[in-house]
Amino acid sequence: MKKKMGFISPAMSPSLVSRPRGVLFLVCLISLVTIWSCRLPKICLYESTYRLSLSPYQQPQPNAVDLSLPDSPFVRWPLERVCREQTIWRPGLVFICDNNSGGIGNIRNYILTCIRYGIEAGATGIVLPRIRTRSEKNLAELMLDYQPFTYFFDEDHFRTNLERACPRITVYDNYESIPNVQLPVKAEKVRPHDLGKRGGCDKRDLNKHVGVFNKAFAGYLDRTEKEFGWPELNEMNPRPVRFPWGVQFEWPTWKDGPEFTASFGGLLRFREDILALGFRAKGYMGEFAKRYGGSGRYVGLHLRTESDALSRWPDFGNQTRAYLTASEATGIKAAYLATGNKTDAARLVEEAERRLGMGVITKHDLLAKYSREDLLMLEALTWDQQALIDFVVLVESDYFFGISPSSFSMNVALKRHLKTEGLHTRPWKIGGDGDGRSWLTGRFEQYWDDWLYMYESMWP
């Protein structure tokens with residue numbers, strides 16, 4: 001007689017036959033509840049299904065420094081350790097980290113990555129980075145005039161912490177302040193990828209040679225001195241170096257351990273007036289959220305449909321469906337919406353109200369409702385400076401929903417992720433269910449074409 005595999009009928013199982021029918025019904029009911037509870041809430045996008053996590057990886061430890069805050073204190077010792085372990089310093093070697101462009105996610109990561117390379121190379125000078133602006137009418141036009149470091153960041157905070165952690169490094173005000181430099185300054189263009197044998201890997205690959213970068217860079221210095229007949233590098237003969245655009249996503253950020261990864265980004269704190277305006281906006285958002293029930297909790301949404309969004313990224317419909325489904329799962333009835341597309345913002349606000357009875361508001365409408373003075377302050381900022389207000393309010397939200405591969409969304413999610421385990425925070429789980437605080441929608445299938453490499457090269 002052939003054996004039947006799989007389901008066993010009551011007629012075949014005396015143990016099941018002997019059980020009361022009520023017990024059998026209860027077993028079936030529990031099974032059905034288990035199956036469906038594992039299915040909800042789920043978000044389907046691009047034929048892939050993700051389950052939204054509403055519980056953090058790990059609850060923060062009491063008295064631990066909350067590195068997820070926009071104004072979190074800078075924990076200096078991991079940077080001190082990296083600089084202390086650097087045994088070869090090269091007087092006269094100066095790094096210029098201003099070939100940045102784009103939004104805050106790209107610019108922030110470029111500066112941090114450039115500085116990390118500078119430390120590895122043994123640079124004894126860093127020129128205070130400038131911020132490259134872009135056109136507000138054409139966001140894809142990235143390479144416009146420069147603004148000073150204070151366009152985004154707190155200069156005193158940066159100088160103090162970098163120079164105290166790395167006393168061998170001097171932060172120069174500008175090119176002209178480099179001692180003994182020849183004017184006009186002609187910085188050498190160096191790409192770290194060119195200093196290692198990478199084989200046939202993808203051109204977007206992270207730099208797998210950072211461990212030997214110091215030695216490779218020394219070889220470059222010696223080779224070019226001989227080739228061009230340049231004098232030996234020293235304080236009397238400085239050599240300014242500038243990396244090309246695109247270096248921002250090349251350094252594997254977890255190389256120096258979780259403590260360094262979690263704290264290094266704290267060098268670039270937003271300037272005080274922008275932080276203050278962002279925190280006031282966060283307070284107004286709490287008041288707005290109370291109108292929709294609860295204690296002022298709100299979700300943060302990043303709708304990425306501006307003119308420079310790539311066609312293969314999730315469109316308005318995909319983002320909206322994912323965000324509203326996910327928001328409904330949280331039970332929170334108010335949302336702060338960050339977007340540069342006013343038309344799509346109005347569409348999402350209307351859809352959220354119609355479908356969920358959810359109140360959604362943007363920064364301009366929020367400040368117009370609660371503070372005319374703060375609205376004028378906001379309008380005095382440029383388009384990219386205004387995005388810093390969004391960053392603060394989103395980082396402070398009770399749950400955040402963003403889009404991959406937006407560097408802005410990634411940066412917000414990774415910054416928020418630091419709340420889970422502080423200095424010991426483990427890497428974000430790419431394409432997973434979120435960390436209980438944030439969730440990103442998008443494609444998570446191809447490492448290169450879906451830009452997943454950015455998660456491994458972005459500083460929280």
# chains A, B, ... in the order shown; residues from 1 in each chain; ligands from 1
$ closest_atom_pairs --of "segment 338-410 of chain A" --to "segment 72-81 of chain A" --cutoff "12 Å" --atoms "only C-alpha atoms" --output "CSV"
residue,atom,partner,partner_atom,distance
A:Val392,CA,A:Ser72,CA,11.8
A:Val395,CA,A:Ser72,CA,11.7
A:Glu396,CA,A:Ser72,CA,12.0
$ write_last_selection --atoms "C-alpha atoms" --output "PDB file, in the first residue's frame"
ATOM      1  CA  VAL A 392      15.534  67.204  11.996  1.00  0.00           C
ATOM      2  CA  VAL A 395      14.814  62.060  12.713  1.00  0.00           C
ATOM      3  CA  GLU A 396      12.624  63.047  15.686  1.00  0.00           C
TER       4      GLU A 396
END
$ select_by_dssp --residues "segment 69-224 of chain A" --states "strand (DSSP E or B)" --output "ChimeraX atom specification"
/A:90-96,123-127,131-132,146-147,153,170-172,188-189
$ write_last_selection --atoms "N, CA, C and O atoms" --output "short mmCIF file (atom, residue, chain, number, x, y, z; two decimals), in the first residue's frame"
data_model
loop_
_atom_site.label_atom_id
_atom_site.label_comp_id
_atom_site.auth_asym_id
_atom_site.auth_seq_id
_atom_site.Cartn_x
_atom_site.Cartn_y
_atom_site.Cartn_z
N ARG A 90 52.30 62.80 7.40
CA ARG A 90 53.11 63.42 6.34
C ARG A 90 52.94 64.93 6.36
O ARG A 90 51.99 65.48 5.79
N PRO A 91 53.86 65.64 7.03
CA PRO A 91 53.80 67.11 7.04
C PRO A 91 53.78 67.66 5.62
O PRO A 91 54.55 67.24 4.76
N GLY A 92 52.89 68.59 5.38
CA GLY A 92 52.76 69.18 4.05
C GLY A 92 51.67 68.55 3.20
O GLY A 92 51.28 69.12 2.17
N LEU A 93 51.15 67.40 3.61
CA LEU A 93 50.07 66.76 2.86
C LEU A 93 48.73 67.34 3.34
O LEU A 93 48.39 67.22 4.53
N VAL A 94 48.00 67.96 2.44
CA VAL A 94 46.76 68.65 2.79
C VAL A 94 45.63 68.13 1.91
O VAL A 94 45.75 68.10 0.68
N PHE A 95 44.52 67.74 2.54
CA PHE A 95 43.36 67.26 1.80
C PHE A 95 42.32 68.37 1.66
O PHE A 95 42.03 69.08 2.63
N ILE A 96 41.78 68.49 0.45
CA ILE A 96 40.72 69.46 0.16
C ILE A 96 39.44 68.67 -0.13
O ILE A 96 39.37 67.90 -1.08
N ALA A 123 47.53 62.75 6.25
CA ALA A 123 47.48 64.18 5.99
C ALA A 123 47.56 64.96 7.30
O ALA A 123 46.91 64.60 8.28
N THR A 124 48.35 66.02 7.31
CA THR A 124 48.46 66.86 8.49
C THR A 124 47.67 68.16 8.33
O THR A 124 47.73 69.02 9.20
N GLY A 125 46.95 68.27 7.23
CA GLY A 125 46.12 69.44 7.01
C GLY A 125 44.83 69.09 6.30
O GLY A 125 44.81 68.22 5.43
N ILE A 126 43.75 69.75 6.71
CA ILE A 126 42.45 69.66 6.04
C ILE A 126 41.98 71.09 5.81
O ILE A 126 41.94 71.89 6.74
N VAL A 127 41.67 71.43 4.58
CA VAL A 127 41.08 72.75 4.32
C VAL A 127 39.60 72.69 4.71
O VAL A 127 38.90 71.75 4.33
N ILE A 131 30.83 74.14 0.65
CA ILE A 131 29.64 73.41 0.22
C ILE A 131 29.27 73.86 -1.19
O ILE A 131 29.05 75.05 -1.43
N ARG A 132 29.22 72.92 -2.10
CA ARG A 132 28.85 73.27 -3.47
C ARG A 132 27.34 73.31 -3.60
O ARG A 132 26.63 72.41 -3.16
N TYR A 146 30.26 77.92 -4.78
CA TYR A 146 30.48 77.40 -3.43
C TYR A 146 29.90 78.34 -2.38
O TYR A 146 29.85 79.56 -2.55
N GLN A 147 29.48 77.74 -1.27
CA GLN A 147 29.13 78.45 -0.06
C GLN A 147 30.07 77.98 1.05
O GLN A 147 30.66 76.91 0.95
N PHE A 153 26.75 73.59 8.31
CA PHE A 153 27.28 72.98 9.51
C PHE A 153 27.83 73.97 10.53
O PHE A 153 28.11 75.13 10.22
N THR A 170 45.77 69.95 11.21
CA THR A 170 45.38 71.35 11.31
C THR A 170 44.27 71.63 10.30
O THR A 170 44.35 71.20 9.14
N VAL A 171 43.22 72.33 10.74
CA VAL A 171 42.15 72.73 9.84
C VAL A 171 42.45 74.15 9.35
O VAL A 171 42.47 75.10 10.14
N TYR A 172 42.68 74.29 8.05
CA TYR A 172 43.00 75.59 7.45
C TYR A 172 41.72 76.27 6.97
O TYR A 172 40.80 75.62 6.49
N GLU A 188 46.24 68.42 -6.62
CA GLU A 188 46.38 67.19 -7.40
C GLU A 188 45.06 66.41 -7.33
O GLU A 188 44.45 66.28 -6.28
N LYS A 189 44.63 65.92 -8.47
CA LYS A 189 43.40 65.13 -8.54
C LYS A 189 43.74 63.65 -8.41
O LYS A 189 44.40 63.08 -9.28
#
$ closest_residue --among "A:Arg355, A:Arg134, A:Arg280, A:Arg223" --to "Gln385 of chain A" --atoms "only C-alpha atoms"
A:Arg134
$ atom_distance --atom1 "atom CA of Tyr336 of chain A" --atom2 "atom CA of Arg269 of chain A"
22.3 Å
$ residues_around --residues "Lys415 of chain A" --least-positions-apart "6" --cutoff "8 Å" --atoms "only C-alpha atoms" --output "list of chain:residue names"
A:Leu67, A:Ser68, A:Leu69, A:Val395, A:Pro460
$ write_last_selection --atoms "C-alpha atoms" --output "short mmCIF file (atom, residue, chain, number, x, y, z; two decimals), in the first residue's frame"
data_model
loop_
_atom_site.label_atom_id
_atom_site.label_comp_id
_atom_site.auth_asym_id
_atom_site.auth_seq_id
_atom_site.Cartn_x
_atom_site.Cartn_y
_atom_site.Cartn_z
CA LEU A 67 23.44 59.21 19.05
CA SER A 68 20.25 59.33 16.99
CA LEU A 69 19.44 62.88 18.09
CA VAL A 395 14.81 62.06 12.71
CA PRO A 460 25.01 57.57 10.11
#
$ residues_around --residues "Glu306 of chain A" --least-positions-apart "3" --cutoff "9 Å" --atoms "only C-alpha atoms" --output "list in words"
Leu139, Leu303, Ala309, Thr339, Gly340, Asn341 and Asp344 of chain A
$ write_last_selection --atoms "all heavy atoms" --output "CSV table (one decimal), in the first residue's frame"
chain,number,residue,atom,x,y,z
A,139,LEU,N,17.3,70.8,-10.4
A,139,LEU,CA,18.0,70.1,-9.3
A,139,LEU,C,19.1,69.2,-9.9
A,139,LEU,O,20.0,68.8,-9.1
A,139,LEU,CB,17.0,69.3,-8.5
A,139,LEU,CG,15.9,70.1,-7.8
A,139,LEU,CD1,15.0,69.1,-7.0
A,139,LEU,CD2,16.5,71.1,-6.9
A,303,LEU,N,8.7,61.7,0.6
A,303,LEU,CA,8.2,61.5,-0.8
A,303,LEU,C,9.3,62.0,-1.8
A,303,LEU,O,9.5,63.2,-1.9
A,303,LEU,CB,6.9,62.2,-1.0
A,303,LEU,CG,6.2,62.0,-2.3
A,303,LEU,CD1,5.8,60.6,-2.6
A,303,LEU,CD2,5.0,62.9,-2.4
A,309,ALA,N,14.4,63.0,-9.8
A,309,ALA,CA,14.3,61.6,-9.4
A,309,ALA,C,14.4,60.7,-10.7
A,309,ALA,O,13.9,61.0,-11.7
A,309,ALA,CB,12.9,61.3,-8.8
A,339,THR,N,9.1,66.7,1.2
A,339,THR,CA,9.1,66.6,-0.3
A,339,THR,C,9.4,67.9,-0.9
A,339,THR,O,9.0,69.0,-0.3
A,339,THR,CB,7.9,65.9,-0.9
A,339,THR,OG1,8.1,65.7,-2.3
A,339,THR,CG2,6.7,66.8,-0.6
A,340,GLY,N,10.0,68.0,-2.0
A,340,GLY,CA,10.2,69.2,-2.8
A,340,GLY,C,9.2,69.3,-3.9
A,340,GLY,O,9.3,70.3,-4.7
A,341,ASN,N,8.2,68.4,-4.0
A,341,ASN,CA,7.2,68.4,-5.1
A,341,ASN,C,5.9,68.9,-4.5
A,341,ASN,O,5.2,68.0,-3.9
A,341,ASN,CB,7.1,67.0,-5.7
A,341,ASN,CG,6.3,67.0,-6.9
A,341,ASN,OD1,5.3,67.7,-7.0
A,341,ASN,ND2,6.7,66.2,-7.9
A,344,ASP,N,2.7,66.9,-5.8
A,344,ASP,CA,2.5,65.5,-5.3
A,344,ASP,C,2.2,65.6,-3.8
A,344,ASP,O,1.6,64.7,-3.2
A,344,ASP,CB,3.7,64.7,-5.6
A,344,ASP,CG,3.8,64.2,-7.0
A,344,ASP,OD1,2.8,64.4,-7.7
A,344,ASP,OD2,4.8,63.7,-7.4
$ residues_around --residues "Tyr370 of chain A" --least-positions-apart "4" --cutoff "10 Å" --atoms "only C-alpha atoms" --output "ChimeraX atom specification"
/A:280-281,283-285,287-288,365-366,374-375
$ closest_residue --among "A:Thr113, A:Thr87, A:Ser438, A:Thr160" --to "Thr253 of chain A" --atoms "only C-alpha atoms"
A:Thr113
$ atom_distance --atom1 "atom CA of Val241 of chain A" --atom2 "atom CA of Asn99 of chain A"
11.1 Å
